[in-house]
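What follows is a single structure, written as structure tokens, with notes after it.
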Amino acid sequence: MTGHPLPAPPAAARPSRPEPAGCRACRRREPVTVLDLGPMPAADHFPLATEPYEPGETAHPLAMVLCRGCGLAQLAHDDTVTAEPRGVEPRALRDQAADAVRRVAAAGLLRGTTVREFTSPHGGSWLELLADRGYHPTGGPADVVLDSFGLMHERDQAAAVAGRAAATAPAGVLLMQYHSLHTIVATGQWNALRHGHFAYYTLEVLRAMLAAVGMSVVTAWDFGLYGGTVLLAAVHGPAEPDEAVHRILAREAGMRDPAAVRELQHAADRHTEYLRSTLREEAARGSRVYAYGAASRAVALFCRARVRRDLLRAVADAAPAKQGRRMPGTDVPIIAPADLLAARPDRVLLTVPDLYGEVCERFPELAGRWLVDDPAGYARERPIR
């Protein structure tokens, strides 16, 4: 390794936004730290490739705490203010959205004609899918309210849940999808923690948050996206949950135990060391290693692993807004996919496992060269399709 850690940064680099007092959901002041990555770059601030490191680039604390009161896992503090370059919606996310709409319709929960969507900064929308079923958007209370990974981006979780409840018509349904904390812990996805992601959920916690605003979870569905996500359906007033809700609650039991969630700290250390060792071994063999996917989840990993251009020559990304920039906290530039193919790399590190099927089809020229960076598998090589 020829790269060197960045010098110790100053305490604050950007003005902070107001943070809720106490827990983001229940307001109690009973946090316990379960994952601390130390000072990191802002996850969605990709500097221009020509910009040198700024002293405060890695100055932002990044830690997860668990509320002893309500059990919500949450970002301890976020002093970043970033303008996120828009990513390209992956096919896996589009396919999952279509599947979700089919399942909700089959359950008889798509009633009425109006829809309202709380969007996610990561892009993607279900509105077109609902338009095909006769729904039209409204700015008032809607028969169907959609939130696919949007809630986690809200600093004030209590206010955000109240807003979604108010947006749901009296006889309407709220559909909310979340990345399960149980999945994150069980698969070692420590790098789900990032600036701008303010909460990490279990169904138990979300049921309590919704109950506080007069809503009941009536059913839920599992999806394989991101290793395991859940879509819940909630309605106003008291209602009995079905067997699917009870099954998920049983599976996620134990996530209120700080010791269980602290396994993410060990996963972070193991994953970081494995990636560093893998890249160094490839470099020792003379391999020209690139990556695909300038994802926010890779920011803390690359920074902790002290990834530099001597180990990783560039990261390709399909989003034009990211091309010509660099990975935060590193000197690794972000290039277009065409430039990746032109470079004829020996190995390509895929930073987002859910993209594997899509990139194999899109880039057959790279068959046999993929390394899939999976926290559960630590950059293991996938079989070639």
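Just remember, in the structure tokens the first chain shown is A, the second B, etc., residues are 1-based per chain, and ligands are 1-based in the order shown.
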Spatial neighbours of Arg94 (chain A), 12 Å, only C-alpha atoms, chain gap at least 2 places, as a list in words: Val88, Glu89, Pro90, Arg91, Ala92, Gln96, Ala97, Ala98, Asp99, Ala100, Val101, Gly123, Gly124, Ser125, Trp126, Leu127, Glu128, Leu129, Ser148, Leu225, Asp354, Leu355 and Glu358 of chain A
Quick one: residues within 8 Å of Ala25 (chain A), only C-alpha atoms counted, chain neighbours fewer than 6 positions away excluded, as a VMD selection string? chain A and resid 70 72 156 to 158 209
Just N, CA, C and O atoms for this one: save the residues we selected as a PDB file, in the first residue's frame.
ATOM      1  N   CYS A  70     -37.479   3.476  22.319  1.00  0.00           N
ATOM      2  CA  CYS A  70     -38.367   2.913  21.294  1.00  0.00           C
ATOM      3  C   CYS A  70     -37.698   1.871  20.414  1.00  0.00           C
ATOM      4  O   CYS A  70     -38.376   1.168  19.650  1.00  0.00           O
ATOM      5  N   LEU A  72     -35.491   2.446  17.929  1.00  0.00           N
ATOM      6  CA  LEU A  72     -35.128   2.895  16.577  1.00  0.00           C
ATOM      7  C   LEU A  72     -33.615   3.029  16.452  1.00  0.00           C
ATOM      8  O   LEU A  72     -32.972   3.735  17.229  1.00  0.00           O
ATOM      9  N   ASP A 156     -36.337  14.332  11.006  1.00  0.00           N
ATOM     10  CA  ASP A 156     -37.325  14.246  12.078  1.00  0.00           C
ATOM     11  C   ASP A 156     -38.292  13.112  11.719  1.00  0.00           C
ATOM     12  O   ASP A 156     -39.253  13.298  10.968  1.00  0.00           O
ATOM     13  N   GLN A 157     -38.049  11.946  12.274  1.00  0.00           N
ATOM     14  CA  GLN A 157     -38.841  10.776  11.932  1.00  0.00           C
ATOM     15  C   GLN A 157     -40.283  10.890  12.423  1.00  0.00           C
ATOM     16  O   GLN A 157     -41.215  10.496  11.717  1.00  0.00           O
ATOM     17  N   ALA A 158     -40.501  11.424  13.607  1.00  0.00           N
ATOM     18  CA  ALA A 158     -41.856  11.551  14.135  1.00  0.00           C
ATOM     19  C   ALA A 158     -42.696  12.456  13.233  1.00  0.00           C
ATOM     20  O   ALA A 158     -43.843  12.137  12.891  1.00  0.00           O
ATOM     21  N   MET A 209     -44.453   3.562  15.638  1.00  0.00           N
ATOM     22  CA  MET A 209     -44.458   4.924  15.104  1.00  0.00           C
ATOM     23  C   MET A 209     -45.783   5.231  14.406  1.00  0.00           C
ATOM     24  O   MET A 209     -46.341   6.332  14.540  1.00  0.00           O
TER      25      MET A 209
END
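Counting only C-alpha atoms and comparing A:Leu151, A:Leu210, A:Ala300, A:Val235, the residue that lies closest to Ala171 (chain A) is A:Val235.
Residue nearest Ala21 (chain A), chosen from A:Tyr178, A:Tyr356, A:Arg155, A:Glu243 and counting only C-alpha atoms: A:Arg155.
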Non-local contacts of Pro328 (chain A) (12 Å; only C-alpha atoms; under 6 positions in same chain excluded) as an MDAnalysis selection string: chainID A and resid 6 40:49 51:54 56:60 294:304 306:308 315 322 334
Could the residues in this selection be written to a file with N, CA, C and O atoms, as a tab-separated table (two decimals), in the first residue's frame?
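The resulting file, out_18.tsv, is shown below:
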chain	number	residue	atom	x	y	z
A	6	LEU	N	-5.52	10.35	5.29
A	6	LEU	CA	-5.61	11.80	5.25
A	6	LEU	C	-5.30	12.36	6.63
A	6	LEU	O	-5.48	11.71	7.65
A	40	MET	N	-15.81	10.80	8.52
A	40	MET	CA	-15.90	10.29	7.16
A	40	MET	C	-16.27	11.43	6.20
A	40	MET	O	-16.76	12.48	6.63
A	41	PRO	N	-16.07	11.22	4.90
A	41	PRO	CA	-16.56	12.22	3.94
A	41	PRO	C	-18.08	12.20	3.89
A	41	PRO	O	-18.72	11.21	4.24
A	42	ALA	N	-18.66	13.31	3.44
A	42	ALA	CA	-20.11	13.33	3.20
A	42	ALA	C	-20.41	12.34	2.08
A	42	ALA	O	-19.78	12.37	1.02
A	43	ALA	N	-21.39	11.47	2.30
A	43	ALA	CA	-21.60	10.34	1.41
A	43	ALA	C	-22.07	10.73	0.02
A	43	ALA	O	-21.88	9.97	-0.93
A	44	ASP	N	-22.69	11.89	-0.13
A	44	ASP	CA	-23.22	12.27	-1.43
A	44	ASP	C	-22.58	13.54	-1.99
A	44	ASP	O	-23.13	14.18	-2.87
A	45	HIS	N	-21.43	13.89	-1.46
A	45	HIS	CA	-20.71	15.05	-2.01
A	45	HIS	C	-19.51	14.52	-2.79
A	45	HIS	O	-18.49	14.16	-2.23
A	46	PHE	N	-19.66	14.46	-4.11
A	46	PHE	CA	-18.61	13.94	-4.98
A	46	PHE	C	-17.85	15.12	-5.58
A	46	PHE	O	-18.35	15.78	-6.50
A	47	PRO	N	-16.64	15.42	-5.09
A	47	PRO	CA	-15.90	16.56	-5.63
A	47	PRO	C	-15.49	16.33	-7.08
A	47	PRO	O	-15.40	15.19	-7.55
A	48	LEU	N	-15.25	17.42	-7.80
A	48	LEU	CA	-14.72	17.29	-9.15
A	48	LEU	C	-13.37	16.58	-9.10
A	48	LEU	O	-12.60	16.73	-8.15
A	49	ALA	N	-13.09	15.81	-10.13
A	49	ALA	CA	-11.84	15.05	-10.15
A	49	ALA	C	-10.63	15.96	-10.12
A	49	ALA	O	-9.54	15.56	-9.67
A	51	GLU	N	-10.45	18.69	-8.33
A	51	GLU	CA	-10.35	19.37	-7.04
A	51	GLU	C	-9.46	18.59	-6.09
A	51	GLU	O	-9.66	17.39	-5.87
A	52	PRO	N	-8.48	19.25	-5.47
A	52	PRO	CA	-7.65	18.56	-4.47
A	52	PRO	C	-8.44	18.33	-3.20
A	52	PRO	O	-9.53	18.89	-3.00
A	53	TYR	N	-7.91	17.48	-2.33
A	53	TYR	CA	-8.57	17.24	-1.05
A	53	TYR	C	-8.72	18.55	-0.28
A	53	TYR	O	-7.80	19.35	-0.22
A	54	GLU	N	-9.87	18.74	0.34
A	54	GLU	CA	-10.08	19.85	1.25
A	54	GLU	C	-9.83	19.36	2.67
A	54	GLU	O	-10.13	18.20	2.98
A	56	GLY	N	-11.40	19.66	5.36
A	56	GLY	CA	-12.56	19.15	6.08
A	56	GLY	C	-13.32	18.07	5.35
A	56	GLY	O	-14.43	17.72	5.75
A	57	GLU	N	-12.73	17.52	4.28
A	57	GLU	CA	-13.47	16.56	3.47
A	57	GLU	C	-13.88	15.31	4.24
A	57	GLU	O	-14.92	14.73	3.98
A	58	THR	N	-13.06	14.89	5.18
A	58	THR	CA	-13.38	13.70	5.96
A	58	THR	C	-13.69	14.06	7.41
A	58	THR	O	-13.39	13.30	8.33
A	59	ALA	N	-14.31	15.19	7.62
A	59	ALA	CA	-14.50	15.71	8.98
A	59	ALA	C	-15.85	15.38	9.60
A	59	ALA	O	-16.15	15.86	10.69
A	60	HIS	N	-16.68	14.58	8.95
A	60	HIS	CA	-18.06	14.43	9.39
A	60	HIS	C	-18.26	13.15	10.18
A	60	HIS	O	-18.10	12.05	9.65
A	294	ALA	N	-20.35	4.18	-8.51
A	294	ALA	CA	-19.90	5.22	-7.57
A	294	ALA	C	-21.01	5.44	-6.54
A	294	ALA	O	-21.61	6.51	-6.44
A	295	ALA	N	-21.27	4.40	-5.79
A	295	ALA	CA	-22.40	4.41	-4.86
A	295	ALA	C	-22.01	5.05	-3.54
A	295	ALA	O	-20.86	4.95	-3.09
A	296	SER	N	-23.00	5.66	-2.89
A	296	SER	CA	-22.74	6.26	-1.58
A	296	SER	C	-22.30	5.21	-0.57
A	296	SER	O	-21.54	5.51	0.35
A	297	ARG	N	-22.77	3.96	-0.74
A	297	ARG	CA	-22.38	2.91	0.19
A	297	ARG	C	-20.89	2.58	0.11
A	297	ARG	O	-20.34	1.97	1.03
A	298	ALA	N	-20.24	2.97	-0.98
A	298	ALA	CA	-18.82	2.69	-1.14
A	298	ALA	C	-17.93	3.78	-0.55
A	298	ALA	O	-16.72	3.58	-0.41
A	299	VAL	N	-18.50	4.91	-0.19
A	299	VAL	CA	-17.70	6.04	0.26
A	299	VAL	C	-16.93	5.71	1.54
A	299	VAL	O	-15.71	5.85	1.61
A	300	ALA	N	-17.66	5.28	2.58
A	300	ALA	CA	-16.99	4.97	3.85
A	300	ALA	C	-16.03	3.79	3.69
A	300	ALA	O	-14.95	3.77	4.27
A	301	LEU	N	-16.42	2.80	2.88
A	301	LEU	CA	-15.57	1.63	2.67
A	301	LEU	C	-14.25	2.03	2.03
A	301	LEU	O	-13.17	1.65	2.50
A	302	PHE	N	-14.29	2.82	0.96
A	302	PHE	CA	-13.06	3.24	0.29
A	302	PHE	C	-12.20	4.10	1.20
A	302	PHE	O	-10.97	3.99	1.20
A	303	CYS	N	-12.85	4.96	1.97
A	303	CYS	CA	-12.09	5.83	2.87
A	303	CYS	C	-11.41	5.03	3.98
A	303	CYS	O	-10.23	5.21	4.26
A	304	ARG	N	-12.15	4.10	4.59
A	304	ARG	CA	-11.58	3.28	5.67
A	304	ARG	C	-10.47	2.37	5.15
A	304	ARG	O	-9.50	2.10	5.85
A	306	ARG	N	-8.50	3.06	2.77
A	306	ARG	CA	-7.45	3.91	2.21
A	306	ARG	C	-7.20	3.57	0.73
A	306	ARG	O	-6.07	3.38	0.30
A	307	VAL	N	-8.27	3.48	0.00
A	307	VAL	CA	-8.18	3.17	-1.43
A	307	VAL	C	-7.66	4.39	-2.18
A	307	VAL	O	-8.17	5.50	-2.03
A	308	ARG	N	-6.63	4.17	-3.00
A	308	ARG	CA	-6.06	5.21	-3.85
A	308	ARG	C	-5.88	4.66	-5.26
A	308	ARG	O	-6.09	3.47	-5.50
A	315	VAL	N	-13.50	4.46	-11.03
A	315	VAL	CA	-14.82	3.87	-10.81
A	315	VAL	C	-15.73	4.34	-11.94
A	315	VAL	O	-15.87	5.54	-12.18
A	322	LYS	N	-22.25	12.14	-12.08
A	322	LYS	CA	-21.10	11.72	-11.28
A	322	LYS	C	-19.81	11.64	-12.09
A	322	LYS	O	-18.71	11.66	-11.52
A	334	ILE	N	-14.14	9.20	-11.22
A	334	ILE	CA	-15.36	8.54	-11.69
A	334	ILE	C	-15.45	8.75	-13.20
A	334	ILE	O	-15.39	9.89	-13.67
Could you pull out the strand (DSSP E or B) residues of region 62-131 of chain A from DSSP and send them as a ChimeraX atom specification? /A:62-67,73-75,114-118
Neighbour list for Arg194 (chain A) as a PyMOL selection string, cut-off 7 Å, only C-alpha atoms, skip fewer than 3 positions in-chain: chain A and resi 43+62+191+197
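The interatomic distance for the pair CA of Ala169 (chain A) and CA of Thr138 (chain A) works out to 11.1 Å.
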Give me, please, the distance in Å between CA of His153 (chain A) and CA of His195 (chain A), quoted to one decimal. 9.2 Å
When you draw a straight line from CA of Thr183 (chain A) to CA of Glu252 (chain A), how long is it in Å?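 Going from CA of Thr183 (chain A) over to CA of Glu252 (chain A), I get 8.6 Å.
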For region 280-286 of chain A: contacts at 12 Å, only C-alpha atoms, fewer than 3 positions along chain excluded, given as a PyMOL selection string: chain A and resi 1-3+273-277+289-290+305-313+345-349+369+371
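In this comparison, which uses only C-alpha atoms, the residue of A:Ala211, A:Ile248, A:Ala267, A:Ala316 approaching Gly228 (chain A) most closely is A:Ile248.
Ranking A:Leu130, A:Leu206, A:Cys360, A:Val332 by their shortest atom-to-atom distance to Val115 (chain A), with only C-alpha atoms included, puts A:Leu130 first.
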